[in-house]
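K.L.:
After the structure tokens below, expect a handful of questions from me.
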Amino acid sequence: MPTIPSPLPGTFYIRPDPGSGPFKNTGDAVAIGDTIGLVEVMKTFIEIKSEIAGTFASYSAEDSAPVTAGQDLAELGD
Amino acid sequence: MTLKIINHGLSTSIQDLGRPGYFHLGIPISGAMDRFSLRAANLLVGNPEGAACLEVVFLGPKIEFTRDAIVAVTGADLPVKVDGEPRDGWASFQVKAGQVLSFDFLKSGARAYIAVSGGIDTKPALGSRSTYPIGALGGVNGRNVETGDELPVGTASNGKAGQQVAPALRRLPDNPARLRVLPGLYWHRLTEAAGHAFFDDEWKVAPEADRMGYRFRGGRALEFVDREPPFGAGADPSNIVDGCYSYGSIQVPGGSEPIVLHRDAVSGGGYFTLGAIISADMDFIGQLQPHMPVKFVKVDMAGALAARGERRTALQRLREALA
């Protein structure tokens, strides 16, 4: 399945803020450029944008978890 | 000759060896967080070793060259590409006019240094091109590099492609990283148990770590010796009457998370500092990613000076290899 990797190391968040739902839920359409999560590093939140289109399957990294560059954050289905 | 910044990455800044001599006036030394890697990049392309380079953090920029140049990328393992074709790190290679330098995802380390033959030729401030954004000094009109910038490059002298730094000559941290500490003036503020815990515990780099300070968490909170707060210090046991900070000094606000002051740090304040990371190990900090494990290792002055000597020897070997 196609995946969306983290371009940099940091802390991964699946929600825009603690009070909101996740950026994407299973079955949601994903267009190129859609934000699927945030990575926080050096007091900056970087929006992780999909470079592929498809249907959202699941997050591969946990919310608020440390991630490394190149690590898969989410999977898309067909 | 200019470098056209197609994409600046996360945080890309112009750095050289900094502007020492003004810290007593509150202006930090700035300059490359990993000076060894900056020197190596410059030597690879035939520049004076303190020429201005681009310091890249975590995420590579995309740069178009308007003229032929010799280029080298050192420091972090950030895979290099020229027009999509891979190039080796820690080696000099040619980039032709119109070609684009780009990068894959970071593999290890945190900061890569891009040297271009001739050096980045922006206007120096107080003797340095290093960027200190808070004081709007150096860099591109006092700021970091941004998408759309065109950076001037000086006239190249004698750079050539195909030069390399052998892996044994590079200086990068282990994993877990070992950072040697010389206990300092305020060490007596800690209880004996807290002094041991600081060195026994494993710490991890906090995501907030940046050029001003590297923050660590995960170890036990410090316990302080009881005292009557001196006038002006405040009630918190981690506070002091304002004093000077040094490059590498370790402050622990509230006793919970140590912060190592780095190139863009403030020069004084009201937190006690338990000691300092020795100068020989400061470059290693510049290569630490968030969440990486770190052990602090206690050394005495003789140990710190011996380590400084070893670092000088390593630098001398590098110069001889690339002479």
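Chain labels A, B, ... are given in the sequence in which chains occur in the structure tokens; within each chain residues are numbered consecutively from 1, and ligands are likewise numbered from 1 in the order shown.
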Based on only C-alpha atoms, which of the residues in chain A come within 9 Å of chain B? I want them as an MDAnalysis selection string.

P.N.:
chainID A and resid 6:11 40:44 46 66:70

K.L.:
Using backbone DSSP assignments, extract all strand (DSSP E) residues from chain A; output them as an MDAnalysis selection string.

P.N.:
chainID A and resid 3:5 10:13 29:30 35:41 44:49 54:59 65:67 72:77

K.L.:
Just N, CA and C atoms for this one: save the residues we selected as an mmCIF file, in the first residue's frame.

P.N.:
```cif
data_model
loop_
_atom_site.group_PDB
_atom_site.id
_atom_site.type_symbol
_atom_site.label_atom_id
_atom_site.label_comp_id
_atom_site.auth_asym_id
_atom_site.auth_seq_id
_atom_site.Cartn_x
_atom_site.Cartn_y
_atom_site.Cartn_z
ATOM 1 N N THR A 3 2.409 4.726 1.015
ATOM 2 C CA THR A 3 2.559 5.311 2.351
ATOM 3 C C THR A 3 3.028 6.758 2.258
ATOM 4 N N ILE A 4 2.816 7.480 3.351
ATOM 5 C CA ILE A 4 3.287 8.864 3.444
ATOM 6 C C ILE A 4 4.359 8.914 4.522
ATOM 7 N N PRO A 5 5.629 9.177 4.129
ATOM 8 C CA PRO A 5 6.714 9.201 5.110
ATOM 9 C C PRO A 5 6.892 10.585 5.741
ATOM 10 N N GLY A 10 11.010 14.263 14.617
ATOM 11 C CA GLY A 10 10.289 15.132 15.551
ATOM 12 C C GLY A 10 9.206 14.354 16.271
ATOM 13 N N THR A 11 8.162 15.062 16.651
ATOM 14 C CA THR A 11 7.026 14.444 17.331
ATOM 15 C C THR A 11 5.812 14.567 16.417
ATOM 16 N N PHE A 12 5.119 13.442 16.207
ATOM 17 C CA PHE A 12 4.020 13.398 15.239
ATOM 18 C C PHE A 12 2.671 13.610 15.919
ATOM 19 N N TYR A 13 1.849 14.421 15.307
ATOM 20 C CA TYR A 13 0.480 14.633 15.796
ATOM 21 C C TYR A 13 -0.506 14.384 14.665
ATOM 22 N N ALA A 29 -11.178 10.651 1.480
ATOM 23 C CA ALA A 29 -10.405 10.879 0.257
ATOM 24 C C ALA A 29 -9.178 11.722 0.604
ATOM 25 N N VAL A 30 -8.041 11.391 -0.011
ATOM 26 C CA VAL A 30 -6.816 12.175 0.171
ATOM 27 C C VAL A 30 -6.398 12.715 -1.199
ATOM 28 N N THR A 35 -3.196 17.965 4.073
ATOM 29 C CA THR A 35 -2.435 17.772 5.303
ATOM 30 C C THR A 35 -2.973 16.530 6.024
ATOM 31 N N ILE A 36 -2.056 15.631 6.406
ATOM 32 C CA ILE A 36 -2.483 14.419 7.108
ATOM 33 C C ILE A 36 -2.000 14.409 8.564
ATOM 34 N N GLY A 37 -1.120 15.332 8.912
ATOM 35 C CA GLY A 37 -0.626 15.367 10.289
ATOM 36 C C GLY A 37 0.372 16.496 10.460
ATOM 37 N N LEU A 38 0.908 16.601 11.676
ATOM 38 C CA LEU A 38 1.908 17.620 11.992
ATOM 39 C C LEU A 38 3.126 16.932 12.600
ATOM 40 N N VAL A 39 4.314 17.457 12.281
ATOM 41 C CA VAL A 39 5.517 17.033 13.005
ATOM 42 C C VAL A 39 6.085 18.278 13.681
ATOM 43 N N GLU A 40 6.284 18.144 14.998
ATOM 44 C CA GLU A 40 6.824 19.266 15.767
ATOM 45 C C GLU A 40 8.314 19.067 15.987
ATOM 46 N N VAL A 41 9.080 20.087 15.655
ATOM 47 C CA VAL A 41 10.503 20.064 15.963
ATOM 48 C C VAL A 41 10.988 21.501 16.063
ATOM 49 N N THR A 44 8.568 24.374 16.142
ATOM 50 C CA THR A 44 7.816 24.638 14.913
ATOM 51 C C THR A 44 6.959 23.418 14.587
ATOM 52 N N PHE A 45 5.719 23.667 14.139
ATOM 53 C CA PHE A 45 4.870 22.579 13.676
ATOM 54 C C PHE A 45 4.889 22.574 12.155
ATOM 55 N N ILE A 46 5.315 21.453 11.570
ATOM 56 C CA ILE A 46 5.389 21.352 10.115
ATOM 57 C C ILE A 46 4.214 20.509 9.634
ATOM 58 N N GLU A 47 3.437 21.060 8.698
ATOM 59 C CA GLU A 47 2.316 20.303 8.142
ATOM 60 C C GLU A 47 2.863 19.225 7.204
ATOM 61 N N ILE A 48 2.390 18.000 7.401
ATOM 62 C CA ILE A 48 2.796 16.910 6.515
ATOM 63 C C ILE A 48 1.736 16.776 5.440
ATOM 64 N N LYS A 49 2.140 17.078 4.214
ATOM 65 C CA LYS A 49 1.189 17.059 3.105
ATOM 66 C C LYS A 49 1.413 15.819 2.246
ATOM 67 N N GLY A 54 -5.440 9.261 -2.956
ATOM 68 C CA GLY A 54 -6.006 7.929 -2.710
ATOM 69 C C GLY A 54 -7.046 8.007 -1.612
ATOM 70 N N THR A 55 -7.272 6.864 -0.981
ATOM 71 C CA THR A 55 -8.232 6.783 0.113
ATOM 72 C C THR A 55 -7.465 6.489 1.386
ATOM 73 N N PHE A 56 -7.774 7.244 2.441
ATOM 74 C CA PHE A 56 -7.025 7.079 3.689
ATOM 75 C C PHE A 56 -7.326 5.723 4.318
ATOM 76 N N ALA A 57 -6.263 4.967 4.644
ATOM 77 C CA ALA A 57 -6.447 3.664 5.305
ATOM 78 C C ALA A 57 -6.237 3.823 6.808
ATOM 79 N N SER A 58 -5.027 4.194 7.213
ATOM 80 C CA SER A 58 -4.772 4.321 8.655
ATOM 81 C C SER A 58 -3.479 5.084 8.907
ATOM 82 N N TYR A 59 -3.346 5.551 10.155
ATOM 83 C CA TYR A 59 -2.067 6.116 10.587
ATOM 84 C C TYR A 59 -1.134 4.976 10.945
ATOM 85 N N ALA A 65 3.816 10.578 19.152
ATOM 86 C CA ALA A 65 4.975 9.691 19.251
ATOM 87 C C ALA A 65 6.179 10.290 18.526
ATOM 88 N N PRO A 66 7.405 9.959 19.017
ATOM 89 C CA PRO A 66 8.603 10.371 18.279
ATOM 90 C C PRO A 66 8.663 9.670 16.923
ATOM 91 N N VAL A 67 9.051 10.397 15.884
ATOM 92 C CA VAL A 67 9.236 9.780 14.564
ATOM 93 C C VAL A 67 10.602 10.193 14.020
ATOM 94 N N ASP A 72 7.270 5.847 8.029
ATOM 95 C CA ASP A 72 5.908 5.980 7.510
ATOM 96 C C ASP A 72 4.972 6.531 8.575
ATOM 97 N N LEU A 73 4.165 7.507 8.168
ATOM 98 C CA LEU A 73 3.204 8.130 9.085
ATOM 99 C C LEU A 73 1.793 7.621 8.831
ATOM 100 N N ALA A 74 1.481 7.327 7.565
ATOM 101 C CA ALA A 74 0.117 6.906 7.223
ATOM 102 C C ALA A 74 0.138 6.050 5.969
ATOM 103 N N GLU A 75 -0.913 5.234 5.834
ATOM 104 C CA GLU A 75 -1.069 4.398 4.649
ATOM 105 C C GLU A 75 -2.334 4.796 3.902
ATOM 106 N N LEU A 76 -2.257 4.742 2.597
ATOM 107 C CA LEU A 76 -3.439 4.957 1.780
ATOM 108 C C LEU A 76 -3.863 3.616 1.176
ATOM 109 N N GLY A 77 -5.191 3.458 0.962
ATOM 110 C CA GLY A 77 -5.686 2.261 0.287
ATOM 111 C C GLY A 77 -5.995 2.593 -1.164
#
```

K.L.:
Measure the distance from CA of Phe199 (chain B) to CA of Ile285 (chain B) in Å and round it to one decimal.

P.N.:
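Separation of CA of Phe199 (chain B) and CA of Ile285 (chain B): 16.9 Å.
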
K.L.:
Select from region 196-252 of chain B every residue with an atom at most 7 Å from any atom of region 174-192 of chain B, then for each give the shortest pair of atoms and their distance in Å to one decimal, using only C-alpha atoms, rows by chain and rising number, as a tab-separated table.

P.N.:
```
residue	atom	partner	partner_atom	distance
B:His196	CA	B:Glu192	CA	6.4
B:Glu223	CA	B:Thr191	CA	5.9
B:Phe224	CA	B:Leu190	CA	4.5
B:Val225	CA	B:Thr191	CA	5.4
```

K.L.:
Which of these, B:Pro173, B:Gly162, B:Gly119, B:Pro20, has the shortest distance to Asp88 (chain B) once you count only C-alpha atoms?

P.N.:
B:Gly162
